[in-house]
>>> print(open('protein_18.cif').read())   # mmCIF, C-alpha atoms
data_query
loop_
_atom_site.label_atom_id
_atom_site.label_comp_id
_atom_site.auth_asym_id
_atom_site.auth_seq_id
_atom_site.Cartn_x
_atom_site.Cartn_y
_atom_site.Cartn_z
CA MET A 1 26.26 -19.89 -66.93
CA LYS A 2 27.12 -17.14 -64.43
CA LYS A 3 24.49 -14.94 -66.02
CA LEU A 4 21.87 -17.68 -65.69
CA PHE A 5 22.84 -18.26 -62.03
CA PHE A 6 22.47 -14.54 -61.28
CA ILE A 7 19.02 -14.42 -62.92
CA LEU A 8 17.82 -17.49 -60.98
CA THR A 9 19.14 -16.08 -57.71
CA PHE A 10 17.44 -12.74 -58.36
CA ILE A 11 14.14 -14.45 -59.13
CA SER A 12 14.45 -16.56 -55.96
CA LEU A 13 15.11 -13.50 -53.80
CA PHE A 14 12.27 -11.59 -55.47
CA ASP A 15 9.89 -14.46 -54.71
CA ALA A 16 11.05 -14.58 -51.09
CA PHE A 17 10.52 -10.88 -50.50
CA SER A 18 7.25 -10.73 -52.42
CA PHE A 19 5.73 -13.81 -50.78
CA THR A 20 2.43 -13.15 -49.07
CA SER A 21 0.93 -15.96 -47.00
CA ASP A 22 -2.66 -17.06 -47.48
CA ILE A 23 -3.63 -15.75 -44.07
CA GLN A 24 -2.21 -12.32 -44.94
CA LYS A 25 -4.10 -12.35 -48.23
CA LYS A 26 -7.27 -13.19 -46.33
CA TYR A 27 -6.68 -10.17 -44.11
CA ILE A 28 -5.95 -7.82 -47.02
CA LYS A 29 -8.94 -8.88 -49.11
CA GLY A 30 -11.44 -9.32 -46.31
CA ASN A 31 -14.01 -7.16 -44.57
CA LEU A 32 -13.78 -6.36 -40.86
CA GLN A 33 -15.01 -9.78 -39.82
CA ASP A 34 -12.53 -11.48 -42.19
CA LYS A 35 -9.70 -9.32 -40.84
CA THR A 36 -10.60 -10.30 -37.28
CA SER A 37 -10.74 -13.97 -38.27
CA ALA A 38 -7.36 -13.71 -40.01
CA VAL A 39 -5.74 -12.14 -36.93
CA LYS A 40 -7.18 -14.89 -34.72
CA GLU A 41 -5.95 -17.67 -37.04
CA ALA A 42 -2.49 -16.23 -37.63
CA SER A 43 0.58 -17.65 -35.94
CA GLY A 44 4.32 -17.02 -35.86
CA SER A 45 5.51 -14.11 -38.01
CA ASP A 46 2.05 -13.81 -39.59
CA ALA A 47 0.51 -13.13 -36.19
CA GLN A 48 2.96 -10.33 -35.50
CA GLU A 49 2.54 -8.80 -38.96
CA LEU A 50 -1.25 -8.91 -38.90
CA THR A 51 -1.38 -7.52 -35.37
CA LYS A 52 0.64 -4.52 -36.54
CA LYS A 53 -1.64 -4.08 -39.57
CA GLY A 54 -4.74 -4.50 -37.42
CA LEU A 55 -3.67 -1.90 -34.86
CA ALA A 56 -2.76 0.55 -37.63
CA PHE A 57 -6.14 -0.03 -39.32
CA ILE A 58 -8.01 0.55 -36.07
CA LEU A 59 -6.20 3.77 -35.25
CA GLU A 60 -6.66 5.08 -38.79
CA ASN A 61 -10.34 4.24 -39.19
CA SER A 62 -11.87 4.36 -35.71
CA GLU A 63 -12.95 7.99 -36.02
CA ALA A 64 -14.87 7.24 -39.22
CA LEU A 65 -16.41 4.01 -37.99
CA GLY A 66 -17.18 5.15 -34.44
CA GLN A 67 -18.25 2.62 -31.79
CA ASP A 68 -18.52 -0.19 -34.32
CA ARG A 69 -18.94 -3.71 -32.91
CA ASP A 70 -16.89 -5.36 -35.66
CA LEU A 71 -14.06 -2.86 -35.17
CA SER A 72 -14.18 -3.62 -31.43
CA ALA A 73 -13.84 -7.34 -32.21
CA LEU A 74 -10.77 -6.64 -34.35
CA ALA A 75 -9.27 -4.58 -31.52
CA VAL A 76 -9.78 -7.43 -29.02
CA ALA A 77 -8.24 -9.95 -31.43
CA CYS A 78 -5.17 -7.72 -31.92
CA LEU A 79 -4.76 -7.22 -28.20
CA PHE A 80 -4.82 -10.98 -27.60
CA LYS A 81 -2.22 -11.54 -30.34
CA LEU A 82 0.30 -9.07 -28.93
CA PRO A 83 3.47 -10.81 -27.63
CA LYS A 84 3.30 -11.78 -23.98
CA ASP A 85 6.93 -11.04 -23.09
CA LYS A 86 8.29 -7.54 -22.58
CA SER A 87 11.34 -8.06 -24.79
CA SER A 88 9.30 -8.93 -27.90
CA LEU A 89 6.90 -6.07 -27.24
CA GLU A 90 9.72 -3.58 -26.86
CA THR A 91 11.42 -4.79 -30.06
CA SER A 92 8.42 -5.23 -32.35
CA PHE A 93 5.98 -2.69 -30.89
CA PRO A 94 8.13 0.22 -29.59
CA GLU A 95 5.09 2.54 -29.38
CA ILE A 96 2.81 0.01 -27.74
CA ASN A 97 1.86 2.11 -24.69
CA LYS A 98 1.02 5.05 -26.94
CA ASP A 99 -1.18 2.76 -29.07
CA LEU A 100 -2.85 1.28 -25.98
CA ILE A 101 -3.71 4.76 -24.70
CA SER A 102 -5.26 5.64 -28.06
CA ILE A 103 -7.33 2.45 -28.17
CA PHE A 104 -8.53 2.95 -24.57
CA ASN A 105 -9.66 6.48 -25.42
CA LEU A 106 -11.24 5.52 -28.76
CA PHE A 107 -13.42 2.68 -27.52
CA GLU A 108 -16.18 2.69 -24.92
CA ASP A 109 -16.57 -1.09 -25.25
CA GLU A 110 -15.73 -2.63 -21.85
CA THR A 111 -14.20 -5.76 -23.38
CA VAL A 112 -11.79 -3.66 -25.45
CA ARG A 113 -10.83 -1.48 -22.50
CA ILE A 114 -10.25 -4.46 -20.21
CA GLY A 115 -8.14 -6.05 -22.94
CA VAL A 116 -6.03 -2.88 -23.03
CA LEU A 117 -5.64 -2.93 -19.24
CA ASP A 118 -4.71 -6.61 -19.25
CA LYS A 119 -1.91 -5.85 -21.71
CA PHE A 120 -0.77 -2.83 -19.69
CA GLU A 121 0.11 -5.17 -16.83
CA THR A 122 2.90 -6.39 -19.16
CA THR A 123 3.79 -3.07 -20.79
CA CYS A 124 3.86 -0.94 -17.63
CA ALA A 125 7.65 -1.35 -17.45
CA LEU A 126 8.16 -0.08 -21.03
CA ASN A 127 8.52 3.42 -22.44
CA GLY A 128 5.45 5.60 -22.22
CA SER A 129 4.01 3.85 -19.19
CA GLU A 130 3.91 7.10 -17.20
CA ASN A 131 1.45 8.51 -19.74
CA PHE A 132 -0.70 5.42 -19.38
CA THR A 133 -0.63 5.76 -15.59
CA GLY A 134 -1.75 9.37 -16.05
CA LEU A 135 -4.65 8.15 -18.16
CA LEU A 136 -5.74 5.69 -15.45
CA ASN A 137 -5.44 8.37 -12.76
CA LYS A 138 -7.67 10.65 -14.82
CA TYR A 139 -10.20 7.88 -15.41
CA LEU A 140 -10.44 7.00 -11.72
CA ASN A 141 -10.50 10.62 -10.59
CA GLU A 142 -13.35 11.42 -12.97
CA ALA A 143 -15.29 8.15 -12.71
CA GLY A 144 -18.90 9.15 -12.28
CA GLU A 145 -22.02 7.23 -11.42
CA LYS A 146 -22.01 5.59 -14.86
CA ASN A 147 -18.64 3.95 -14.28
CA ARG A 148 -18.94 3.35 -10.53
CA ASN A 149 -19.68 -0.37 -10.88
CA SER A 150 -18.02 -0.90 -14.25
CA ALA A 151 -15.64 -3.85 -14.60
CA VAL A 152 -13.25 -1.37 -16.24
CA THR A 153 -13.11 0.63 -13.00
CA GLY A 154 -12.19 -2.47 -11.02
CA LYS A 155 -9.46 -3.30 -13.52
CA VAL A 156 -8.10 0.27 -13.44
CA ILE A 157 -7.80 0.03 -9.64
CA THR A 158 -5.94 -3.29 -9.95
CA CYS A 159 -3.56 -1.85 -12.57
CA LEU A 160 -2.74 1.15 -10.40
CA LYS A 161 -1.79 -1.17 -7.56
CA THR A 162 1.28 -2.08 -9.64
CA ALA A 163 1.80 0.91 -11.91
CA GLY A 164 0.52 3.77 -9.74
CA ASN A 165 2.49 6.89 -8.85
CA THR A 166 2.18 9.49 -6.10
CA GLU A 167 -0.93 10.96 -7.73
CA SER A 168 -2.43 7.47 -7.86
CA PHE A 169 -1.88 7.13 -4.10
CA SER A 170 -3.73 10.38 -3.37
CA ILE A 171 -6.61 9.42 -5.64
CA MET A 172 -6.81 5.92 -4.17
CA TYR A 173 -6.78 7.23 -0.59
CA LYS A 174 -9.56 9.72 -1.36
CA ASN A 175 -11.72 7.04 -2.98
CA TRP A 176 -11.04 4.58 -0.14
CA LYS A 177 -11.89 7.16 2.53
CA ASN A 178 -15.11 8.12 0.75
CA ASN A 179 -15.96 4.51 -0.18
CA SER A 180 -16.44 5.72 -3.74
CA PHE A 181 -16.41 2.22 -5.23
CA PRO A 182 -18.12 -0.10 -2.71
CA GLU A 183 -18.24 -2.93 -5.25
CA PHE A 184 -14.46 -2.79 -5.51
CA LYS A 185 -13.68 -2.17 -1.85
CA ASN A 186 -11.30 -5.11 -1.60
CA GLU A 187 -9.40 -4.07 -4.75
CA THR A 188 -9.21 -0.48 -3.52
CA GLU A 189 -7.79 -1.54 -0.15
CA LYS A 190 -5.15 -3.77 -1.75
CA ALA A 191 -4.13 -1.02 -4.14
CA LEU A 192 -3.96 1.58 -1.36
CA ILE A 193 -1.81 -0.71 0.81
CA ALA A 194 0.60 -1.39 -2.06
CA LEU A 195 0.83 2.29 -3.02
CA SER A 196 1.34 3.32 0.62
CA SER A 197 4.45 1.17 0.95
CA LYS A 198 5.86 2.57 -2.32
CA HIS A 199 5.16 6.21 -1.49
CA ILE A 200 5.96 6.59 2.19
CA THR A 201 6.45 10.38 2.05
CA GLU A 202 2.91 10.86 0.78
CA THR A 203 1.61 8.35 3.32
CA ILE A 204 3.18 10.32 6.17
CA LYS A 205 1.72 13.56 4.77
CA ILE A 206 -1.74 12.01 4.83
CA ILE A 207 -1.27 10.98 8.47
CA SER A 208 0.02 14.38 9.56
CA SER A 209 -2.92 16.21 7.98
CA SER A 210 -5.81 13.90 8.89
CA LYS A 211 -8.20 13.66 11.80
CA ILE A 212 -7.59 11.06 14.52
CA ARG A 213 -10.41 8.76 13.40
CA GLU A 214 -9.18 8.88 9.79
CA ILE A 215 -5.64 8.08 10.92
CA ARG A 216 -6.92 5.21 13.04
CA ASP A 217 -8.88 3.68 10.16
CA PHE A 218 -5.97 4.08 7.75
CA PHE A 219 -3.45 2.66 10.22
CA GLU A 220 -5.70 -0.33 10.95
CA LEU A 221 -5.84 -1.05 7.21
CA ILE A 222 -2.05 -0.97 6.92
CA ASN A 223 -1.41 -2.80 10.17
CA LYS A 224 -3.57 -5.83 9.32
CA SER A 225 -1.90 -6.38 5.95
CA ASP A 226 0.41 -9.37 5.51
CA GLU A 227 1.99 -7.73 2.45
CA ILE A 228 3.73 -4.93 4.39
CA SER A 229 6.91 -5.29 6.42
CA LYS A 230 7.03 -4.75 10.18
CA ASP A 231 9.48 -1.90 9.70
CA PHE A 232 7.14 -0.02 7.36
CA LYS A 233 4.25 -0.51 9.76
CA ALA A 234 6.44 0.70 12.63
CA GLU A 235 7.49 3.82 10.75
CA ILE A 236 3.86 4.67 10.02
CA ALA A 237 2.99 3.88 13.64
CA GLU A 238 5.71 6.23 14.85
CA ASN A 239 4.28 9.12 12.84
CA ALA A 240 0.70 8.31 13.87
CA LEU A 241 1.66 8.13 17.56
CA SER A 242 3.43 11.47 17.28
CA VAL A 243 0.24 13.03 15.91
CA THR A 244 -1.84 11.64 18.78
CA ILE A 245 0.61 13.09 21.33
CA HIS A 246 0.46 16.54 19.79
CA ASN A 247 -3.31 16.43 19.33
CA THR A 248 -4.14 15.49 22.92
CA GLU A 249 -3.46 18.73 24.75
CA ASP A 250 -6.93 18.81 26.27
CA ILE A 251 -7.61 15.36 27.70
CA SER A 252 -11.32 14.67 27.82
CA ALA A 253 -13.49 11.65 28.48
CA ASP A 254 -14.35 11.30 24.78
CA MET A 255 -11.06 9.88 23.51
CA THR A 256 -12.06 6.45 22.25
CA ASP A 257 -10.48 6.86 18.81
CA SER A 258 -7.35 8.48 20.19
CA ILE A 259 -6.79 5.78 22.84
CA SER A 260 -7.35 3.04 20.27
CA LEU A 261 -4.81 4.61 17.92
CA GLN A 262 -2.28 5.24 20.71
CA LEU A 263 -2.33 1.63 21.88
CA GLN A 264 -2.25 0.13 18.39
CA THR A 265 0.65 2.27 17.23
CA LEU A 266 2.67 1.74 20.41
CA GLN A 267 2.13 -2.02 20.24
CA THR A 268 3.23 -2.06 16.58
CA ILE A 269 6.38 -0.09 17.43
CA SER A 270 7.12 -2.48 20.27
CA ASP A 271 6.44 -5.64 18.23
CA ALA A 272 8.83 -4.45 15.53
CA ASN A 273 11.41 -3.45 18.17
CA TRP A 274 11.49 -0.08 16.42
CA THR A 275 14.04 1.48 18.76
CA ARG A 276 14.13 4.65 16.69
CA ALA A 277 10.81 5.54 18.32
CA ALA A 278 11.89 4.63 21.86
CA GLY A 279 12.21 8.28 22.88
CA LEU A 280 8.76 9.01 21.49
CA ALA A 281 7.35 6.05 23.41
CA VAL A 282 8.80 7.40 26.67
CA ARG A 283 7.23 10.79 25.94
CA PHE A 284 3.93 9.04 25.38
CA PHE A 285 4.26 7.30 28.76
CA SER A 286 3.85 10.67 30.47
CA LEU A 287 0.62 11.24 28.56
CA ALA A 288 -0.57 7.67 29.21
CA LYS A 289 0.05 8.16 32.93
CA GLU A 290 -2.12 11.27 32.91
CA GLU A 291 -4.83 9.47 30.93
CA TYR A 292 -4.73 6.59 33.41
CA GLU A 293 -4.97 8.87 36.43
CA LYS A 294 -8.04 10.52 34.87
CA SER A 295 -9.59 7.08 34.24
CA ILE A 296 -9.48 7.60 30.48
CA LEU A 297 -6.98 4.77 30.08
CA GLN A 298 -7.98 1.52 31.76
CA GLU A 299 -5.65 -0.37 34.09
CA ALA A 300 -4.98 -3.18 31.60
CA GLN A 301 -4.29 -0.64 28.86
CA PHE A 302 -1.83 1.26 31.05
CA ILE A 303 -0.03 -1.97 31.90
CA GLN A 304 0.17 -2.64 28.14
CA VAL A 305 1.90 0.72 27.72
CA ILE A 306 4.39 -0.13 30.47
CA GLY A 307 5.19 -3.45 28.78
CA CYS A 308 5.69 -1.83 25.38
CA ILE A 309 8.09 0.88 26.53
CA THR A 310 10.03 -1.71 28.54
CA LYS A 311 10.54 -3.85 25.45
CA LEU A 312 11.95 -0.83 23.57
CA SER A 313 14.41 -0.38 26.43
CA SER A 314 15.64 3.18 26.00
CA PRO A 315 17.96 4.69 28.67
CA ASP A 316 15.16 7.09 29.55
CA THR A 317 12.66 4.28 30.12
CA ALA A 318 14.20 3.14 33.40
CA GLN A 319 14.37 6.71 34.71
CA SER A 320 10.72 7.38 33.79
CA LEU A 321 9.50 4.15 35.40
CA SER A 322 11.67 4.66 38.46
CA ALA A 323 10.29 8.19 38.86
CA TYR A 324 6.78 6.82 38.59
CA LEU A 325 7.56 4.18 41.23
CA ALA A 326 8.75 7.00 43.47
CA GLU A 327 5.36 8.71 43.00
CA MET A 328 3.53 5.51 43.91
CA ASN A 329 5.78 5.06 46.97
CA SER A 330 4.82 8.56 48.13
CA LYS A 331 1.14 7.70 47.82
CA THR A 332 1.67 4.45 49.70
CA GLU A 333 3.34 6.35 52.54
CA LYS A 334 -0.02 8.09 52.94
CA ASN A 335 -1.90 4.77 52.79
CA ASN A 336 -3.12 5.58 49.29
CA ILE A 337 -1.83 2.36 47.78
CA PRO A 338 -1.96 2.26 43.94
CA ALA A 339 -3.42 -0.65 41.95
CA GLN A 340 -1.32 -3.71 42.72
CA ASN A 341 -1.07 -4.89 39.09
CA VAL A 342 0.26 -1.52 37.98
CA VAL A 343 2.86 -1.45 40.77
CA LEU A 344 3.94 -4.99 39.89
CA ALA A 345 4.21 -4.11 36.19
CA VAL A 346 6.50 -1.17 36.97
CA ILE A 347 8.64 -3.16 39.41
CA LYS A 348 9.07 -6.11 37.05
CA SER A 349 9.92 -3.77 34.18
CA LEU A 350 12.63 -2.11 36.25
CA GLY A 351 14.08 -5.52 36.98
CA ALA A 352 14.01 -6.42 33.28
CA LEU A 353 15.76 -3.17 32.37
CA GLY A 354 18.36 -3.72 35.09
CA ASP A 355 19.24 -0.03 35.43
CA LYS A 356 20.87 0.56 38.83
CA SER A 357 19.31 4.05 39.05
CA ALA A 358 16.12 2.28 40.21
CA PHE A 359 17.87 0.83 43.30
CA ASP A 360 16.65 3.34 45.92
CA ASN A 361 13.02 3.31 44.81
CA LEU A 362 12.90 -0.49 44.56
CA LEU A 363 14.52 -0.87 47.99
CA TYR A 364 12.04 1.58 49.52
CA VAL A 365 9.16 -0.61 48.31
CA THR A 366 10.29 -3.32 50.75
CA TYR A 367 9.87 -0.92 53.72
CA LEU A 368 6.40 0.35 52.82
CA ASN A 369 2.92 -1.00 53.46
CA TYR A 370 2.67 -2.83 50.15
CA PRO A 371 1.24 -6.36 49.88
CA GLU A 372 3.86 -9.08 50.31
CA ALA A 373 3.64 -10.01 46.62
CA VAL A 374 4.76 -6.50 45.71
CA LYS A 375 7.65 -6.56 48.18
CA ASN A 376 8.83 -9.93 46.86
CA ALA A 377 8.71 -8.61 43.30
CA ALA A 378 10.82 -5.63 44.38
CA ARG A 379 13.42 -7.94 45.93
CA ASP A 380 13.55 -9.99 42.71
CA SER A 381 14.07 -6.87 40.64
CA LEU A 382 16.76 -5.57 42.99
CA ALA A 383 18.68 -8.81 42.37
CA LYS A 384 18.52 -8.20 38.60
CA LEU A 385 20.04 -4.74 38.63
CA LYS A 386 23.33 -4.40 36.77
CA TRP A 387 26.22 -2.86 38.64
#
>>> encode(input="protein_18.cif", output="structure tokens")
Amino acid sequence: MKKLFFILTFISLFDAFSFTSDIQKKYIKGNLQDKTSAVKEASGSDAQELTKKGLAFILENSEALGQDRDLSALAVACLFKLPKDKSSLETSFPEINKDLISIFNLFEDETVRIGVLDKFETTCALNGSENFTGLLNKYLNEAGEKNRNSAVTGKVITCLKTAGNTESFSIMYKNWKNNSFPEFKNETEKALIALSSKHITETIKIISSSKIREIRDFFELINKSDEISKDFKAEIAENALSVTIHNTEDISADMTDSISLQLQTLQTISDANWTRAAGLAVRFFSLAKEEYEKSILQEAQFIQVIGCITKLSSPDTAQSLSAYLAEMNSKTEKNNIPAQNVVLAVIKSLGALGDKSAFDNLLYVTYLNYPEAVKNAARDSLAKLKW
């Protein structure tokens, strides 16, 4: 009896291990079209098994079959049947990124390549993803006229938004600056913005080595994005403002780009209350004052500068504004009264800062030949000083 039980158990186990489902038989016996159909129809464990077999078949026979349409169809079917969650992929397909790279390189068919890229959005967190990113960098860097408007190119750009590295950032910036892919301008901008926030060191290097107009255009792109934090924008603004200060030794009338960049970056720093750049902002005030006196900076723009540095409220701000008020008082003594709105902006800022070092210059305003509105503003600011 025991012997019979052992034989029956052995036969049962043999049947279990040797069982081949009908769908697997269809795959094994069939031609390329049958194999593709079997992969599409498979479910559960059959789907996983046939996907493995299909991928292995493709990689083994693609060189012999070349750009075969039926082989492409099998590749697409296998890509669709791959597990959708990272855990299953990692467990059942440990070399998946390596296989995806091979399939991308083997096929020129756009549908196959886009299928590969769709799957990479899931596998980019798994082993081997850095090699895949390298492949996408190479593709985008070498994309010629043939691939300029290809849907694959647009998908590569989108993938690099998530999986890009420092090299991806440099490539994306170059292509954005040169408008290399006008059909995918929106995708390129989104990818560049995302990569900028992930690779701030490289972003700052770009700013420090670029021309003013290029910095302005790049900063405007970053500054208008809702996907980037105020702090990141302020840090970029700080570096961009520093460049404009150092690049404006010879003030000329043709400074449209520089003025635009100066005001945008200062406003961004002020809006974010980025006090780390308060000292830089005060240094810029000296330059802005010179630009205003040479009629390069308009009155309203200069008042904007005064408001921004006041909001940042550094200890040096009150001293700089008080010193400027002293200059305007000297001019008023000689009946060369400065623009009323500028004087008022300085006086009100000194009141808001409340630094008692401004006392003498504010008091002197009340004795000079200023309009009554200016004198009243000075009295109000005197009352706000902190003692």
>>> closest_residue(input="protein_18.cif", among="A:Ile200, A:Leu59, A:Gly154, A:Ser242", to="Glu183 of chain A", atoms="all atoms listed in the file")
A:Gly154
>>> residues_near_point(input="protein_18.cif", point="(-0.8, 17.0, 20.5)", cutoff="12 Å", atoms="all atoms listed in the file", output="list in words")
Ser208, Lys211, Ile212, Ala240, Leu241, Ser242, Val243, Thr244, Ile245, His246, Asn247, Thr248, Glu249, Asp250, Ile251, Ser258, Gln262, Arg283, Phe284 and Leu287 of chain A
>>> atom_distance(input="protein_18.cif", atom1="atom CA of Ser313 of chain A", atom2="atom CA of Thr275 of chain A")
7.9 Å
>>> residues_around(input="protein_18.cif", residues="Ile114 of chain A", least_positions_apart="2", cutoff="8 Å", atoms="only C-alpha atoms", output="ChimeraX atom specification")
/A:110-112,116-118,151-152,155
>>> write_last_selection(input="protein_18.cif", atoms="C-alpha atoms", output="CSV table (one decimal), keeping the file's coordinate frame")
chain,number,residue,atom,x,y,z
A,110,GLU,CA,-15.7,-2.6,-21.8
A,111,THR,CA,-14.2,-5.8,-23.4
A,112,VAL,CA,-11.8,-3.7,-25.4
A,116,VAL,CA,-6.0,-2.9,-23.0
A,117,LEU,CA,-5.6,-2.9,-19.2
A,118,ASP,CA,-4.7,-6.6,-19.2
A,151,ALA,CA,-15.6,-3.8,-14.6
A,152,VAL,CA,-13.2,-1.4,-16.2
A,155,LYS,CA,-9.5,-3.3,-13.5
>>> atom_distance(input="protein_18.cif", atom1="atom CA of Glu145 of chain A", atom2="atom CA of Phe184 of chain A")
13.9 Å
>>> closest_residue(input="protein_18.cif", among="A:Lys198, A:Lys119, A:Lys190, A:Lys52", to="Lys84 of chain A", atoms="all atoms listed in the file")
A:Lys119
>>> resolve_selection(input="protein_18.cif", expression="the PyMOL selection byres ((chain A and resi 321) around 12)", output="JSON, numbers by chain")
{"A": [282, 283, 285, 286, 289, 303, 305, 306, 307, 309, 310, 313, 314, 315, 316, 317, 318, 319, 320, 322, 323, 324, 325, 326, 327, 328, 342, 343, 344, 345, 346, 347, 348, 349, 350, 351, 352, 353, 354, 355, 357, 358, 359, 361, 362]}
>>> write_last_selection(input="protein_18.cif", atoms="C-alpha atoms", output="mmCIF file, in the coordinates of the input")
data_model
loop_
_atom_site.group_PDB
_atom_site.id
_atom_site.type_symbol
_atom_site.label_atom_id
_atom_site.label_comp_id
_atom_site.auth_asym_id
_atom_site.auth_seq_id
_atom_site.Cartn_x
_atom_site.Cartn_y
_atom_site.Cartn_z
ATOM 1 C CA VAL A 282 8.800 7.400 26.670
ATOM 2 C CA ARG A 283 7.230 10.790 25.940
ATOM 3 C CA PHE A 285 4.260 7.300 28.760
ATOM 4 C CA SER A 286 3.850 10.670 30.470
ATOM 5 C CA LYS A 289 0.050 8.160 32.930
ATOM 6 C CA ILE A 303 -0.030 -1.970 31.900
ATOM 7 C CA VAL A 305 1.900 0.720 27.720
ATOM 8 C CA ILE A 306 4.390 -0.130 30.470
ATOM 9 C CA GLY A 307 5.190 -3.450 28.780
ATOM 10 C CA ILE A 309 8.090 0.880 26.530
ATOM 11 C CA THR A 310 10.030 -1.710 28.540
ATOM 12 C CA SER A 313 14.410 -0.380 26.430
ATOM 13 C CA SER A 314 15.640 3.180 26.000
ATOM 14 C CA PRO A 315 17.960 4.690 28.670
ATOM 15 C CA ASP A 316 15.160 7.090 29.550
ATOM 16 C CA THR A 317 12.660 4.280 30.120
ATOM 17 C CA ALA A 318 14.200 3.140 33.400
ATOM 18 C CA GLN A 319 14.370 6.710 34.710
ATOM 19 C CA SER A 320 10.720 7.380 33.790
ATOM 20 C CA SER A 322 11.670 4.660 38.460
ATOM 21 C CA ALA A 323 10.290 8.190 38.860
ATOM 22 C CA TYR A 324 6.780 6.820 38.590
ATOM 23 C CA LEU A 325 7.560 4.180 41.230
ATOM 24 C CA ALA A 326 8.750 7.000 43.470
ATOM 25 C CA GLU A 327 5.360 8.710 43.000
ATOM 26 C CA MET A 328 3.530 5.510 43.910
ATOM 27 C CA VAL A 342 0.260 -1.520 37.980
ATOM 28 C CA VAL A 343 2.860 -1.450 40.770
ATOM 29 C CA LEU A 344 3.940 -4.990 39.890
ATOM 30 C CA ALA A 345 4.210 -4.110 36.190
ATOM 31 C CA VAL A 346 6.500 -1.170 36.970
ATOM 32 C CA ILE A 347 8.640 -3.160 39.410
ATOM 33 C CA LYS A 348 9.070 -6.110 37.050
ATOM 34 C CA SER A 349 9.920 -3.770 34.180
ATOM 35 C CA LEU A 350 12.630 -2.110 36.250
ATOM 36 C CA GLY A 351 14.080 -5.520 36.980
ATOM 37 C CA ALA A 352 14.010 -6.420 33.280
ATOM 38 C CA LEU A 353 15.760 -3.170 32.370
ATOM 39 C CA GLY A 354 18.360 -3.720 35.090
ATOM 40 C CA ASP A 355 19.240 -0.030 35.430
ATOM 41 C CA SER A 357 19.310 4.050 39.050
ATOM 42 C CA ALA A 358 16.120 2.280 40.210
ATOM 43 C CA PHE A 359 17.870 0.830 43.300
ATOM 44 C CA ASN A 361 13.020 3.310 44.810
ATOM 45 C CA LEU A 362 12.900 -0.490 44.560
#
>>> atom_distance(input="protein_18.cif", atom1="atom CA of Glu299 of chain A", atom2="atom CA of Asn376 of chain A")
21.5 Å
>>> resolve_selection(input="protein_18.cif", expression="the PyMOL selection byres ((chain A and resi 263-267) around 8)", output="ChimeraX atom specification")
/A:234,237-238,240-241,259-262,268-271,281,301,304-305,308
>>> residues_around(input="protein_18.cif", residues="segment 165-168 of chain A", least_positions_apart="2", cutoff="12 Å", atoms="all atoms listed in the file", output="JSON, numbers by chain")
{"A": [124, 129, 130, 131, 132, 133, 134, 135, 136, 137, 138, 139, 140, 141, 156, 157, 158, 159, 160, 161, 162, 163, 170, 171, 172, 173, 174, 175, 176, 188, 191, 192, 193, 194, 195, 196, 197, 198, 199, 200, 201, 202, 203, 205, 206]}
>>> residues_near_point(input="protein_18.cif", point="(17.5, -7.3, 43.9)", cutoff="10 Å", atoms="only C-alpha atoms", output="number ranges by chain")
A: 351, 354, 356, 359, 362-363, 376-386
>>> closest_residue(input="protein_18.cif", among="A:Pro83, A:Pro94, A:Pro371, A:Pro338", to="Gly128 of chain A", atoms="all atoms listed in the file")
A:Pro94
>>> closest_residue(input="protein_18.cif", among="A:Arg69, A:Ala300, A:Asn105, A:Glu121", to="Lys86 of chain A", atoms="all atoms listed in the file")
A:Glu121
>>> residues_around(input="protein_18.cif", residues="Leu55 of chain A", least_positions_apart="6", cutoff="12 Å", atoms="only C-alpha atoms", output="PyMOL selection string")
chain A and resi 35-36+39+48-49+61-62+71-82+93+95-96+98-100+102-103
>>> closest_residue(input="protein_18.cif", among="A:Asn147, A:Gln298, A:Ser92, A:Asn127", to="Thr51 of chain A", atoms="all atoms listed in the file")
A:Ser92
>>> resolve_selection(input="protein_18.cif", expression="the PyMOL selection byres ((chain A and resi 231) around 9)", output="number ranges by chain")
A: 228-230, 232-236, 269, 272-274
>>> build_atoms(input="protein_18.cif", residues="segment 360-366 of chain A", atoms="N, CA and C atoms", output="PDB file, in the coordinates of the input")
ATOM      1  N   ASP A 360      17.240   2.715  44.730  1.00  0.00           N
ATOM      2  CA  ASP A 360      16.650   3.340  45.920  1.00  0.00           C
ATOM      3  C   ASP A 360      15.140   3.174  45.971  1.00  0.00           C
ATOM      4  N   ASN A 361      14.481   3.405  44.831  1.00  0.00           N
ATOM      5  CA  ASN A 361      13.020   3.310  44.810  1.00  0.00           C
ATOM      6  C   ASN A 361      12.534   1.873  44.965  1.00  0.00           C
ATOM      7  N   LEU A 362      13.263   0.926  44.386  1.00  0.00           N
ATOM      8  CA  LEU A 362      12.900  -0.490  44.560  1.00  0.00           C
ATOM      9  C   LEU A 362      13.108  -0.926  46.015  1.00  0.00           C
ATOM     10  N   LEU A 363      14.226  -0.507  46.600  1.00  0.00           N
ATOM     11  CA  LEU A 363      14.520  -0.870  47.990  1.00  0.00           C
ATOM     12  C   LEU A 363      13.458  -0.294  48.926  1.00  0.00           C
ATOM     13  N   TYR A 364      13.010   0.929  48.641  1.00  0.00           N
ATOM     14  CA  TYR A 364      12.040   1.580  49.520  1.00  0.00           C
ATOM     15  C   TYR A 364      10.693   0.834  49.515  1.00  0.00           C
ATOM     16  N   VAL A 365      10.396   0.182  48.393  1.00  0.00           N
ATOM     17  CA  VAL A 365       9.160  -0.610  48.310  1.00  0.00           C
ATOM     18  C   VAL A 365       9.099  -1.644  49.442  1.00  0.00           C
ATOM     19  N   THR A 366      10.253  -2.231  49.749  1.00  0.00           N
ATOM     20  CA  THR A 366      10.290  -3.320  50.750  1.00  0.00           C
ATOM     21  C   THR A 366      10.016  -2.821  52.157  1.00  0.00           C
TER      22      THR A 366
END
